[in-house]
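A.B. asks: Next comes the structure file query_18.pdb, holding PDB, C-alpha atoms and all ligand atoms.
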```pdb
ATOM      1  CA  MET A 397     113.534 -26.468 -55.243
ATOM      2  CA  SER A 398     110.754 -28.786 -56.286
ATOM      3  CA  PHE A 399     108.636 -28.470 -59.408
ATOM      4  CA  ASP A 400     105.637 -28.606 -57.041
ATOM      5  CA  PHE A 401     106.539 -25.247 -55.614
ATOM      6  CA  HIS A 402     106.976 -23.761 -59.084
ATOM      7  CA  SER A 403     103.672 -25.246 -60.109
ATOM      8  CA  GLN A 404     101.962 -23.568 -57.113
ATOM      9  CA  LEU A 405     103.546 -20.287 -58.147
ATOM     10  CA  VAL A 406     102.265 -20.671 -61.707
ATOM     11  CA  ASP A 407      98.754 -21.162 -60.284
ATOM     12  CA  LYS A 408      99.133 -17.888 -58.384
ATOM     13  CA  TYR A 409     100.605 -15.741 -61.196
ATOM     14  CA  GLU A 410      97.355 -13.882 -61.905
ATOM     15  CA  GLU A 411      96.538 -13.442 -58.202
ATOM     16  CA  LEU A 412      99.999 -11.963 -57.641
ATOM     17  CA  LYS A 413      99.804  -9.530 -60.569
ATOM     18  CA  TYR A 414      99.129  -6.507 -58.332
ATOM     19  CA  SER A 415     100.663  -7.736 -55.067
ATOM     20  CA  LEU A 416     103.847  -5.707 -55.633
ATOM     21  CA  LEU A 417     101.810  -2.578 -56.308
ATOM     22  CA  LYS A 418     100.022  -3.005 -52.976
ATOM     23  CA  ALA A 419     103.235  -3.752 -51.042
ATOM     24  CA  GLN A 420     105.031  -0.715 -52.445
ATOM     25  CA  THR A 421     102.311   1.869 -52.192
ATOM     26  CA  PHE A 422     103.459   4.596 -49.858
ATOM     27  CA  SER A 423     100.670   5.388 -47.444
ATOM     28  CA  GLN A 424     100.283   8.278 -45.032
ATOM     29  CA  GLU A 425      97.951   6.022 -43.028
ATOM     30  CA  HIS A 426     100.661   3.670 -41.879
ATOM     31  CA  TYR A 427     103.401   6.340 -42.047
ATOM     32  CA  GLY A 428     105.227   4.619 -44.832
ATOM     33  CA  PHE A 429     105.301   1.046 -45.971
ATOM     34  CA  PRO A 430     103.812  -2.221 -44.728
ATOM     35  CA  PRO A 431     106.257  -4.756 -43.158
ATOM     36  CA  ILE A 432     106.228  -6.977 -46.271
ATOM     37  CA  TYR A 433     107.894  -4.206 -48.288
ATOM     38  CA  TYR A 434     110.795  -3.954 -45.807
ATOM     39  CA  LYS A 435     111.245  -7.719 -46.190
ATOM     40  CA  ILE A 436     111.255  -7.449 -49.994
ATOM     41  CA  MET A 437     113.877  -4.674 -49.793
ATOM     42  CA  GLU A 438     116.120  -6.362 -47.207
ATOM     43  CA  THR A 439     116.278  -9.634 -49.112
ATOM     44  CA  ASP A 440     117.173  -8.057 -52.454
ATOM     45  CA  ASP A 441     120.943  -8.461 -52.824
ATOM     46  CA  ILE A 442     120.927  -6.567 -56.132
ATOM     47  CA  ARG A 443     119.471  -3.430 -54.525
ATOM     48  CA  VAL A 444     121.551  -3.630 -51.333
ATOM     49  CA  GLY A 445     124.597  -4.716 -53.370
ATOM     50  CA  ALA A 446     124.524  -1.561 -55.521
ATOM     51  CA  TYR A 447     124.782   0.567 -52.369
ATOM     52  CA  LYS A 448     127.452  -1.693 -50.805
ATOM     53  CA  LYS A 449     129.511  -1.326 -53.981
ATOM     54  CA  ALA A 450     129.139   2.456 -53.784
ATOM     55  CA  PHE A 451     130.158   2.529 -50.082
ATOM     56  CA  GLN A 452     133.330   0.663 -51.097
ATOM     57  CA  HIS A 453     133.873   2.940 -54.115
ATOM     58  CA  TYR A 454     134.177   5.890 -51.700
ATOM     59  CA  ASN A 455     136.109   5.793 -48.484
ATOM     60  CA  PHE A 456     133.689   6.121 -45.559
ATOM     61  CA  LYS A 457     136.447   5.637 -42.963
ATOM     62  CA  ASP A 458     136.101   8.311 -40.237
ATOM     63  CA  LYS A 459     133.660  10.318 -42.347
ATOM     64  CA  ILE A 460     130.455  12.074 -41.308
ATOM     65  CA  VAL A 461     127.405  10.633 -43.032
ATOM     66  CA  CYS A 462     123.710  11.416 -43.099
ATOM     67  CA  GLU A 463     121.203   8.802 -44.251
ATOM     68  CA  ALA A 464     117.601   9.725 -44.947
ATOM     69  CA  GLY A 465     114.908   7.061 -44.590
ATOM     70  CA  VAL A 466     117.010   4.357 -42.925
ATOM     71  CA  GLY A 467     114.096   1.896 -42.684
ATOM     72  CA  THR A 468     115.308  -1.327 -41.070
ATOM     73  CA  LEU A 469     118.993  -0.320 -41.522
ATOM     74  CA  ALA A 470     119.415  -2.613 -44.546
ATOM     75  CA  LEU A 471     121.916  -0.164 -46.111
ATOM     76  CA  THR A 472     123.088   1.600 -42.945
ATOM     77  CA  GLN A 473     124.604  -1.525 -41.408
ATOM     78  CA  HIS A 474     127.082  -1.673 -44.297
ATOM     79  CA  PHE A 475     128.746   1.657 -43.495
ATOM     80  CA  LEU A 476     128.211   2.297 -39.767
ATOM     81  CA  ASP A 477     131.294   0.392 -38.600
ATOM     82  CA  ASP A 478     133.541   2.667 -40.695
ATOM     83  CA  VAL A 479     132.156   6.137 -40.118
ATOM     84  CA  LYS A 480     133.030   8.658 -37.420
ATOM     85  CA  LYS A 481     129.487   9.948 -37.063
ATOM     86  CA  ALA A 482     126.090   9.285 -38.644
ATOM     87  CA  TYR A 483     122.870  11.279 -38.645
ATOM     88  CA  LEU A 484     120.119   8.738 -39.301
ATOM     89  CA  ILE A 485     116.695  10.031 -40.294
ATOM     90  CA  GLU A 486     113.432   8.062 -40.355
ATOM     91  CA  ASN A 487     109.819   9.129 -40.019
ATOM     92  CA  ASN A 488     108.028   5.800 -39.706
ATOM     93  CA  PRO A 489     107.186   5.583 -35.963
ATOM     94  CA  ASP A 490     106.635   1.815 -36.239
ATOM     95  CA  LEU A 491     110.397   1.430 -36.793
ATOM     96  CA  LYS A 492     111.605   3.593 -33.891
ATOM     97  CA  GLU A 493     112.005   0.823 -31.338
ATOM     98  CA  PHE A 494     113.596  -1.565 -33.839
ATOM     99  CA  ILE A 495     116.191   1.011 -34.936
ATOM    100  CA  GLN A 496     117.057   2.048 -31.366
ATOM    101  CA  GLN A 497     117.413  -1.570 -30.304
ATOM    102  CA  LYS A 498     119.610  -2.538 -33.251
ATOM    103  CA  ILE A 499     121.945   0.428 -32.717
ATOM    104  CA  LYS A 500     122.313  -0.488 -29.060
ATOM    105  CA  GLU A 501     122.948  -4.144 -29.843
ATOM    106  CA  LYS A 502     125.694  -3.296 -32.330
ATOM    107  CA  GLY A 503     127.327  -0.719 -30.008
ATOM    108  CA  TRP A 504     126.856   2.161 -32.478
ATOM    109  CA  GLU A 505     125.218   4.538 -29.927
ATOM    110  CA  ASP A 506     128.254   6.813 -29.531
ATOM    111  CA  LYS A 507     128.483   7.660 -33.203
ATOM    112  CA  VAL A 508     124.787   7.740 -34.156
ATOM    113  CA  VAL A 509     122.404  10.673 -33.885
ATOM    114  CA  LEU A 510     118.871   9.415 -34.529
ATOM    115  CA  LEU A 511     116.495  11.964 -35.962
ATOM    116  CA  PHE A 512     112.865  10.919 -36.087
ATOM    117  CA  GLY A 513     111.091  13.296 -38.406
ATOM    118  CA  ASP A 514     110.712  14.509 -41.943
ATOM    119  CA  ALA A 515     113.950  14.509 -43.972
ATOM    120  CA  MET A 516     112.481  17.276 -46.138
ATOM    121  CA  SER A 517     112.592  19.784 -43.304
ATOM    122  CA  LEU A 518     115.015  18.541 -40.602
ATOM    123  CA  GLU A 519     118.173  20.604 -40.051
ATOM    124  CA  LEU A 520     121.601  19.063 -39.509
ATOM    125  CA  PRO A 521     123.944  20.775 -37.029
ATOM    126  CA  GLU A 522     127.020  20.394 -39.286
ATOM    127  CA  LYS A 523     128.037  19.674 -42.874
ATOM    128  CA  VAL A 524     128.550  16.047 -43.846
ATOM    129  CA  ASP A 525     130.804  14.126 -46.261
ATOM    130  CA  TYR A 526     128.096  11.847 -47.657
ATOM    131  CA  ILE A 527     124.313  11.892 -47.875
ATOM    132  CA  VAL A 528     122.792   8.464 -48.469
ATOM    133  CA  GLY A 529     119.150   7.895 -49.294
ATOM    134  CA  GLU A 530     116.991   5.243 -50.877
ATOM    135  CA  LEU A 531     113.591   6.816 -51.113
ATOM    136  CA  MET A 532     113.078   6.032 -54.736
ATOM    137  CA  SER A 533     110.135   4.878 -56.764
ATOM    138  CA  ILE A 534     109.813   4.546 -60.514
ATOM    139  CA  TYR A 535     110.589   7.973 -62.102
ATOM    140  CA  CYS A 536     110.689   9.253 -58.453
ATOM    141  CA  GLY A 537     106.957   9.642 -59.042
ATOM    142  CA  ASN A 538     105.661   8.507 -55.651
ATOM    143  CA  GLU A 539     108.405   9.105 -53.123
ATOM    144  CA  TYR A 540     110.321  12.192 -52.096
ATOM    145  CA  GLN A 541     113.890  11.345 -53.182
ATOM    146  CA  VAL A 542     114.240  14.546 -55.204
ATOM    147  CA  GLN A 543     112.654  16.816 -52.589
ATOM    148  CA  ILE A 544     114.668  15.254 -49.749
ATOM    149  CA  PHE A 545     118.040  15.570 -51.511
ATOM    150  CA  LYS A 546     117.116  19.071 -52.678
ATOM    151  CA  HIS A 547     116.664  20.017 -49.020
ATOM    152  CA  LEU A 548     119.538  18.004 -47.510
ATOM    153  CA  ARG A 549     122.225  18.917 -50.065
ATOM    154  CA  GLN A 550     122.651  22.295 -48.306
ATOM    155  CA  PHE A 551     124.343  20.251 -45.542
ATOM    156  CA  LEU A 552     126.820  18.564 -47.912
ATOM    157  CA  LYS A 553     130.461  19.662 -47.776
ATOM    158  CA  PRO A 554     131.667  21.176 -51.102
ATOM    159  CA  GLU A 555     133.591  17.991 -51.948
ATOM    160  CA  GLY A 556     130.837  15.778 -50.451
ATOM    161  CA  LYS A 557     128.870  13.154 -52.364
ATOM    162  CA  LEU A 558     125.239  12.162 -52.721
ATOM    163  CA  LEU A 559     124.318   8.464 -52.987
ATOM    164  CA  PRO A 560     122.523   8.131 -55.382
ATOM    165  CA  GLU A 561     123.569  11.000 -57.608
ATOM    166  CA  ARG A 562     121.831  10.497 -60.954
ATOM    167  CA  ILE A 563     118.632   8.840 -62.172
ATOM    168  CA  VAL A 564     117.807   8.327 -65.839
ATOM    169  CA  ASN A 565     114.132   7.699 -66.538
ATOM    170  CA  VAL A 566     113.448   5.895 -69.791
ATOM    171  CA  GLY A 567     110.250   4.859 -71.529
ATOM    172  CA  GLN A 568     108.809   2.808 -74.379
ATOM    173  CA  LEU A 569     105.491   2.943 -76.175
ATOM    174  CA  SER A 570     103.538  -0.179 -75.350
ATOM    175  CA  TYR A 571     100.230  -1.956 -75.110
ATOM    176  CA  ALA A 572      99.206  -3.346 -71.700
ATOM    177  CA  GLU A 573      96.120  -4.907 -70.140
ATOM    178  CA  PHE A 574      94.445  -2.594 -67.612
ATOM    179  CA  ASP A 575      91.491  -3.432 -65.416
ATOM    180  CA  GLN A 576      91.403  -1.881 -61.945
ATOM    181  CA  TYR A 577      94.613   0.209 -61.850
ATOM    182  CA  LYS A 578      96.017   2.987 -64.021
ATOM    183  CA  HIS A 579      99.585   1.768 -63.415
ATOM    184  CA  TYR A 580     101.268  -1.333 -61.992
ATOM    185  CA  PRO A 581     104.794  -2.693 -61.608
ATOM    186  CA  ILE A 582     105.689  -5.845 -63.512
ATOM    187  CA  ASN A 583     105.887  -8.678 -60.994
ATOM    188  CA  PHE A 584     106.285 -11.509 -63.529
ATOM    189  CA  THR A 585     107.507 -11.311 -67.094
ATOM    190  CA  ARG A 586     104.232 -12.695 -68.399
ATOM    191  CA  HIS A 587     102.669  -9.369 -67.411
ATOM    192  CA  LEU A 588     105.103  -7.391 -69.552
ATOM    193  CA  PRO A 589     103.344  -5.170 -72.062
ATOM    194  CA  GLU A 590     103.705  -5.525 -75.824
ATOM    195  CA  GLN A 591     106.470  -3.050 -76.690
ATOM    196  CA  LEU A 592     106.293  -0.989 -79.845
ATOM    197  CA  SER A 593     109.321   1.310 -79.569
ATOM    198  CA  MET A 594     112.878   1.238 -78.285
ATOM    199  CA  GLN A 595     113.760   2.489 -74.820
ATOM    200  CA  GLN A 596     114.234   6.279 -74.860
ATOM    201  CA  GLU A 597     115.303   8.822 -72.290
ATOM    202  CA  ILE A 598     112.346  10.646 -70.770
ATOM    203  CA  ASN A 599     114.388  12.778 -68.357
ATOM    204  CA  THR A 600     117.556  12.680 -66.268
ATOM    205  CA  ILE A 601     117.648  13.736 -62.631
ATOM    206  CA  ASP A 602     120.923  15.228 -61.420
ATOM    207  CA  LEU A 603     120.406  15.072 -57.659
ATOM    208  CA  TYR A 604     123.134  17.692 -57.013
ATOM    209  CA  ALA A 605     121.215  20.268 -59.010
ATOM    210  CA  GLU A 606     117.605  19.240 -59.649
ATOM    211  CA  ASP A 607     115.244  22.060 -58.753
ATOM    212  CA  GLU A 608     112.196  21.341 -60.879
ATOM    213  CA  LEU A 609     109.598  19.114 -59.252
ATOM    214  CA  ARG A 610     107.320  18.800 -62.264
ATOM    215  CA  ILE A 611     108.441  17.416 -65.629
ATOM    216  CA  GLN A 612     106.562  18.544 -68.722
ATOM    217  CA  LYS A 613     108.082  17.508 -72.031
ATOM    218  CA  LYS A 614     107.448  16.445 -75.596
ATOM    219  CA  ILE A 615     109.552  13.594 -76.964
ATOM    220  CA  GLN A 616     109.753  12.293 -80.540
ATOM    221  CA  VAL A 617     109.358   8.510 -80.665
ATOM    222  CA  ASN A 618     109.813   6.311 -83.710
ATOM    223  CA  PRO A 619     107.769   3.088 -83.396
ATOM    224  CA  ILE A 620     109.588  -0.067 -84.496
ATOM    225  CA  MET A 621     106.312  -2.022 -84.631
ATOM    226  CA  SER A 622     102.843  -1.079 -85.874
ATOM    227  CA  GLY A 623      99.930  -1.451 -83.488
ATOM    228  CA  ILE A 624      97.838   0.102 -80.745
ATOM    229  CA  VAL A 625      99.624   2.059 -78.018
ATOM    230  CA  ASN A 626      97.811   2.558 -74.690
ATOM    231  CA  ALA A 627     100.681   2.711 -72.188
ATOM    232  CA  ILE A 628     104.167   3.865 -71.428
ATOM    233  CA  TYR A 629     106.548   1.204 -70.135
ATOM    234  CA  MET A 630     108.648   2.994 -67.511
ATOM    235  CA  HIS A 631     112.126   2.025 -66.352
ATOM    236  CA  SER A 632     114.573   3.984 -64.145
ATOM    237  CA  PHE A 633     118.372   3.604 -64.171
ATOM    238  CA  VAL A 634     120.138   4.776 -61.011
ATOM    239  CA  GLN A 635     123.789   5.770 -60.610
ATOM    240  CA  VAL A 636     124.458   5.364 -56.893
ATOM    241  CA  ALA A 637     128.103   6.352 -57.567
ATOM    242  CA  GLU A 638     130.059   6.305 -60.807
ATOM    243  CA  GLY A 639     130.207   2.666 -61.973
ATOM    244  CA  CYS A 640     127.856   1.515 -59.185
ATOM    245  CA  ASN A 641     124.497   1.247 -60.863
ATOM    246  CA  PHE A 642     121.064  -0.089 -60.070
ATOM    247  CA  THR A 643     118.540  -0.569 -62.856
ATOM    248  CA  GLY A 644     115.431  -1.726 -61.008
ATOM    249  CA  THR A 645     114.247  -4.976 -59.457
ATOM    250  CA  ASP A 646     111.029  -6.064 -57.800
ATOM    251  CA  SER A 647     112.168  -4.387 -54.565
ATOM    252  CA  LEU A 648     112.894  -0.955 -56.004
ATOM    253  CA  MET A 649     111.827   0.847 -59.159
ATOM    254  CA  PRO A 650     110.415  -2.231 -60.870
ATOM    255  CA  PRO A 651     109.619  -1.516 -64.521
ATOM    256  CA  THR A 652     106.056  -0.225 -64.514
ATOM    257  CA  VAL A 653     103.285   0.323 -67.033
ATOM    258  CA  CYS A 654     101.222   3.500 -66.886
ATOM    259  CA  LYS A 655      98.130   4.055 -68.972
ATOM    260  CA  LEU A 656      98.111   6.767 -71.638
ATOM    261  CA  GLU A 657      95.313   9.344 -71.589
ATOM    262  CA  LYS A 658      94.024   7.830 -74.830
ATOM    263  CA  GLU A 659      94.974   4.838 -76.964
ATOM    264  CA  VAL A 660      96.416   5.551 -80.394
ATOM    265  CA  GLU A 661      97.345   3.527 -83.459
ATOM    266  CA  VAL A 662     100.985   3.895 -84.542
ATOM    267  CA  LYS A 663     102.781   2.752 -87.695
ATOM    268  CA  GLN A 664     106.297   1.386 -87.843
ATOM    269  CA  GLY A 665     108.707   4.158 -88.904
ATOM    270  CA  HIS A 666     106.143   6.974 -88.522
ATOM    271  CA  SER A 667     107.372   9.132 -85.691
ATOM    272  CA  VAL A 668     104.903  10.381 -83.035
ATOM    273  CA  THR A 669     105.124  12.944 -80.225
ATOM    274  CA  LEU A 670     104.896  11.613 -76.678
ATOM    275  CA  HIS A 671     103.751  14.231 -74.146
ATOM    276  CA  VAL A 672     104.917  13.756 -70.568
ATOM    277  CA  ASP A 673     103.578  15.505 -67.460
ATOM    278  CA  PHE A 674     104.393  14.139 -64.007
ATOM    279  CA  GLY A 675     105.611  15.380 -60.618
ATOM    280  CA  TYR A 676     108.146  13.923 -58.195
ATOM    281  CA  GLY A 677     106.674  12.685 -54.904
ATOM    282  CA  THR A 678     103.089  12.942 -56.074
ATOM    283  CA  SER A 679     101.420   9.837 -57.435
ATOM    284  CA  LEU A 680     101.501   8.028 -60.736
ATOM    285  CA  ASP A 681      97.693   8.292 -60.569
ATOM    286  CA  GLU A 682      98.228  11.981 -61.358
ATOM    287  CA  ALA A 683     100.918  11.466 -64.043
ATOM    288  CA  ARG A 684      99.776  12.147 -67.598
ATOM    289  CA  PHE A 685     101.254  10.665 -70.775
ATOM    290  CA  TRP A 686      99.675  11.051 -74.201
ATOM    291  CA  ILE A 687     100.437  11.013 -77.888
ATOM    292  CA  GLY A 688      99.592  14.254 -79.611
ATOM    293  CA  SER A 689     100.915  16.927 -81.894
TER     294      SER A 689
HETATM  295  C1  LIG B 701     112.279   2.734 -49.713
HETATM  296  S1  LIG B 701     112.457   2.680 -47.964
HETATM  297  C2  LIG B 701     114.177   2.304 -47.786
HETATM  298  C3  LIG B 701     114.587   1.886 -46.404
HETATM  299  C4  LIG B 701     116.079   1.587 -46.242
HETATM  300  N1  LIG B 701     116.868   2.760 -46.523
HETATM  301  C5  LIG B 701     116.489   0.471 -47.148
HETATM  302  O1  LIG B 701     117.145   0.768 -48.163
HETATM  303  O2  LIG B 701     116.145  -0.682 -46.902
HETATM  304  C6  LIG B 701     112.391   4.391 -47.563
HETATM  305  C7  LIG B 701     112.295   4.710 -46.081
HETATM  306  O3  LIG B 701     112.265   6.138 -45.962
HETATM  307  C8  LIG B 701     111.274   6.512 -45.014
HETATM  308  N2  LIG B 701     110.824   7.859 -45.410
HETATM  309  C9  LIG B 701     110.028   8.173 -46.471
HETATM  310  N3  LIG B 701     109.840   9.505 -46.545
HETATM  311  C10 LIG B 701     110.544  10.047 -45.520
HETATM  312  C11 LIG B 701     110.740  11.371 -45.063
HETATM  313  N4  LIG B 701     110.169  12.412 -45.690
HETATM  314  N5  LIG B 701     111.523  11.576 -43.978
HETATM  315  C12 LIG B 701     112.109  10.530 -43.339
HETATM  316  N6  LIG B 701     111.956   9.232 -43.724
HETATM  317  C13 LIG B 701     111.169   9.000 -44.795
HETATM  318  C14 LIG B 701     110.193   5.447 -45.118
HETATM  319  O4  LIG B 701     109.446   5.352 -43.923
HETATM  320  C15 LIG B 701     111.057   4.194 -45.388
HETATM  321  O5  LIG B 701     111.416   3.558 -44.192
END
```
Using the file provided, produce a representation of the structure as structure tokens.
C.D. replies:
Amino acid sequence: MSFDFHSQLVDKYEELKYSLLKAQTFSQEHYGFPPIYYKIMETDDIRVGAYKKAFQHYNFKDKIVCEAGVGTLALTQHFLDDVKKAYLIENNPDLKEFIQQKIKEKGWEDKVVLLFGDAMSLELPEKVDYIVGELMSIYCGNEYQVQIFKHLRQFLKPEGKLLPERIVNVGQLSYAEFDQYKHYPINFTRHLPEQLSMQQEINTIDLYAEDELRIQKKIQVNPIMSGIVNAIYMHSFVQVAEGCNFTGTDSLMPPTVCKLEKEVEVKQGHSVTLHVDFGYGTSLDEARFWIGS
């Protein structure tokens, strides 16, 4: 890799500040994501690797599996050879031909049932051993991971497993530059906010049991630096299976800054109350975070 290429990248840092935000924004208009986002996801070995590790952690041999939101089969291809049967769900019509073609090419037709539709309402004709899904966004704020697993878990055998199973959302008080957007994922470390508190748990999602779709909480935070706070720095830790973790990359759940309702001055060691109000599968534009009493 030449220094020239790095130098070109440095010239583009500012231009690329919001490119990840645009690539990852779920849009009803194009029934999902633009092609660039599938490329970002497919090429991320950390993201795909966490799922591969979890597939190996369990034994998928001769099992019945359902995967919601298969996309370009980036995860699916790592378990299909083993399983007895797979119900594959996707609702992006642009991917239909690609998925059908790939399944034919690989000779998986006999074991695959393709379901084109909404994973939040589709019914499965039998109970399954595993439900796989990667429909996550930071804090599950934009996508329907929680809603989809809440619906699909009725089709899980009693001893069956969800992949992922647990998501821990954490946050830090911070100061970030905002111009056109209320929130944006960090694409390069130079766009990291100034951080004024340690990482703290905001909420934990147990996908076997989560019923609430809106999180409203107050959390005590002790600043370790004095300064102005205008943002929450969001980070999500995902347990795909026990010991098989994913803690965010540029392709999935990148650490993200979201503007507070109002900026506030904090003093080192003087605890403040962070108020949190956001919904799963809505939009971070609607999420509200503020410091109050
Ligand atoms: C984040 S992508 C992941 C794709 C693939 N599983 C992977 O890991 O590369 C999520 C996929 O789920 C699909 N999707 C989102 N909401 C859905 C829904 N309600 N029902 C079915 N598919 C959905 C999107 O179109 C997209 O292809």
A.B. asks: Taking a cut-off of 8 Å and counting all atoms listed in the file, can you build a table that, for each residue of stretch 559-668 of chain A near stretch 445-461 of chain A, reports the nearest atom pair and how far apart they are in Å (one decimal), sorted by chain then residue number, as a Markdown table?
C.D. replies:
```
| residue | atom | partner | partner_atom | distance |
| --- | --- | --- | --- | --- |
| A:Leu559 | CA | A:Ala450 | CA | 7.7 |
| A:Val636 | CA | A:Ala450 | CA | 6.3 |
| A:Ala637 | CA | A:Ala450 | CA | 5.5 |
| A:Cys640 | CA | A:Ala450 | CA | 5.6 |
| A:Asn641 | CA | A:Ala446 | CA | 6.0 |
| A:Phe642 | CA | A:Ala446 | CA | 5.9 |
```
A.B. asks: Got a sec to check which residues lie within 6 Å of ligand LIG 701 (chain B), using only C-alpha atoms and all ligand atoms, and send them as a ChimeraX atom specification?
C.D. replies: /A:428,437-438,464-471,485-488,513-516,530-531
A.B. asks: Filtering to C-alpha atoms, could you give me those residues as a PDB file, in the coordinates of the input?
C.D. replies:
```pdb
ATOM      1  CA  GLY A 428     105.227   4.619 -44.832  1.00  0.00           C
ATOM      2  CA  MET A 437     113.877  -4.674 -49.793  1.00  0.00           C
ATOM      3  CA  GLU A 438     116.120  -6.362 -47.207  1.00  0.00           C
ATOM      4  CA  ALA A 464     117.601   9.725 -44.947  1.00  0.00           C
ATOM      5  CA  GLY A 465     114.908   7.061 -44.590  1.00  0.00           C
ATOM      6  CA  VAL A 466     117.010   4.357 -42.925  1.00  0.00           C
ATOM      7  CA  GLY A 467     114.096   1.896 -42.684  1.00  0.00           C
ATOM      8  CA  THR A 468     115.308  -1.327 -41.070  1.00  0.00           C
ATOM      9  CA  LEU A 469     118.993  -0.320 -41.522  1.00  0.00           C
ATOM     10  CA  ALA A 470     119.415  -2.613 -44.546  1.00  0.00           C
ATOM     11  CA  LEU A 471     121.916  -0.164 -46.111  1.00  0.00           C
ATOM     12  CA  ILE A 485     116.695  10.031 -40.294  1.00  0.00           C
ATOM     13  CA  GLU A 486     113.432   8.062 -40.355  1.00  0.00           C
ATOM     14  CA  ASN A 487     109.819   9.129 -40.019  1.00  0.00           C
ATOM     15  CA  ASN A 488     108.028   5.800 -39.706  1.00  0.00           C
ATOM     16  CA  GLY A 513     111.091  13.296 -38.406  1.00  0.00           C
ATOM     17  CA  ASP A 514     110.712  14.509 -41.943  1.00  0.00           C
ATOM     18  CA  ALA A 515     113.950  14.509 -43.972  1.00  0.00           C
ATOM     19  CA  MET A 516     112.481  17.276 -46.138  1.00  0.00           C
ATOM     20  CA  GLU A 530     116.991   5.243 -50.877  1.00  0.00           C
ATOM     21  CA  LEU A 531     113.591   6.816 -51.113  1.00  0.00           C
TER      22      LEU A 531
END
```
A.B. asks: Taking the file above as input, evaluate the PyMOL selection byres (((chain A and resi 689) around 8) and not hetatm) and report the hits as a list of chain:residue names.
C.D. replies: A:Val668, A:Thr669, A:Ile687, A:Gly688
A.B. asks: Under the rule that only C-alpha atoms are counted, which of A:Lys655, A:Trp686, A:Gln596, A:Leu405 is the nearest residue to A:Gln576?
C.D. replies: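 Between A:Lys655, A:Trp686, A:Gln596, A:Leu405, the residue approaching A:Gln576 most closely is A:Lys655.
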A.B. asks: Expand the PyMOL selection byres (((chain A and resi 440) around 10) and not hetatm) into the explicit residue set it covers here, and present it as a PyMOL selection string.
C.D. replies: chain A and resi 435-439+441-445+470+645-648
A.B. asks: Filtering to C-alpha atoms, could you give me those residues as a PDB file, in the frame of the given file?
C.D. replies:
```pdb
ATOM      1  CA  LYS A 435     111.245  -7.719 -46.190  1.00  0.00           C
ATOM      2  CA  ILE A 436     111.255  -7.449 -49.994  1.00  0.00           C
ATOM      3  CA  MET A 437     113.877  -4.674 -49.793  1.00  0.00           C
ATOM      4  CA  GLU A 438     116.120  -6.362 -47.207  1.00  0.00           C
ATOM      5  CA  THR A 439     116.278  -9.634 -49.112  1.00  0.00           C
ATOM      6  CA  ASP A 441     120.943  -8.461 -52.824  1.00  0.00           C
ATOM      7  CA  ILE A 442     120.927  -6.567 -56.132  1.00  0.00           C
ATOM      8  CA  ARG A 443     119.471  -3.430 -54.525  1.00  0.00           C
ATOM      9  CA  VAL A 444     121.551  -3.630 -51.333  1.00  0.00           C
ATOM     10  CA  GLY A 445     124.597  -4.716 -53.370  1.00  0.00           C
ATOM     11  CA  ALA A 470     119.415  -2.613 -44.546  1.00  0.00           C
ATOM     12  CA  THR A 645     114.247  -4.976 -59.457  1.00  0.00           C
ATOM     13  CA  ASP A 646     111.029  -6.064 -57.800  1.00  0.00           C
ATOM     14  CA  SER A 647     112.168  -4.387 -54.565  1.00  0.00           C
ATOM     15  CA  LEU A 648     112.894  -0.955 -56.004  1.00  0.00           C
TER      16      LEU A 648
END
```
A.B. asks: Convert the output of the PyMOL selection byres (((chain A and resi 614) around 6) and not hetatm) on the shown file into explicit residues, formatted as a VMD selection string.
C.D. replies: chain A and resid 613 615 670 to 671
A.B. asks: Hey, can you check how far atom CA of A:Leu603 sits from atom CA of A:Tyr540?
C.D. replies: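 Pair atom CA of A:Leu603 / atom CA of A:Tyr540 returns 11.9 Å.
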A.B. asks: A:Thr600, A:Ser593, A:Gln635, A:Thr585: which is nearest A:Pro560, counting all atoms listed in the file?
C.D. replies: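 Residue with the minimum atom-to-atom distance to A:Pro560: A:Gln635.
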A.B. asks: For the atom pair atom CA of A:His587 and atom CA of A:Gln612, what is the interatomic distance in Å to one decimal place?
C.D. replies: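 Separation between atom CA of A:His587 and atom CA of A:Gln612: 28.2 Å.
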A.B. asks: Would you work out the distance separating atom CA of A:Tyr571 from atom CA of A:Glu590, expressed in Å to one decimal?
C.D. replies: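 Going from atom CA of A:Tyr571 over to atom CA of A:Glu590, I get 5.0 Å.
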A.B. asks: Using only C-alpha atoms, can you list as a list in words the residues within 12 Å of (131.2, 18.7, -49.9)?
C.D. replies: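 Output of the proximity query reads Lys459, Ile460, Val461, Glu522, Lys523, Val524, Asp525, Tyr526, Ile527, Leu548, Arg549, Gln550, Phe551, Leu552, Lys553, Pro554, Glu555, Gly556, Lys557, Leu558 and Tyr604 of chain A.
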A.B. asks: Please produce a file of the residues just selected, as a CSV table (one decimal), keeping the file's coordinate frame, where the atoms kept are C-alpha atoms.
C.D. replies:
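For reference, part-v1.csv as written:
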```csv
chain,number,residue,atom,x,y,z
A,459,LYS,CA,133.7,10.3,-42.3
A,460,ILE,CA,130.5,12.1,-41.3
A,461,VAL,CA,127.4,10.6,-43.0
A,522,GLU,CA,127.0,20.4,-39.3
A,523,LYS,CA,128.0,19.7,-42.9
A,524,VAL,CA,128.6,16.0,-43.8
A,525,ASP,CA,130.8,14.1,-46.3
A,526,TYR,CA,128.1,11.8,-47.7
A,527,ILE,CA,124.3,11.9,-47.9
A,548,LEU,CA,119.5,18.0,-47.5
A,549,ARG,CA,122.2,18.9,-50.1
A,550,GLN,CA,122.7,22.3,-48.3
A,551,PHE,CA,124.3,20.3,-45.5
A,552,LEU,CA,126.8,18.6,-47.9
A,553,LYS,CA,130.5,19.7,-47.8
A,554,PRO,CA,131.7,21.2,-51.1
A,555,GLU,CA,133.6,18.0,-51.9
A,556,GLY,CA,130.8,15.8,-50.5
A,557,LYS,CA,128.9,13.2,-52.4
A,558,LEU,CA,125.2,12.2,-52.7
A,604,TYR,CA,123.1,17.7,-57.0
```
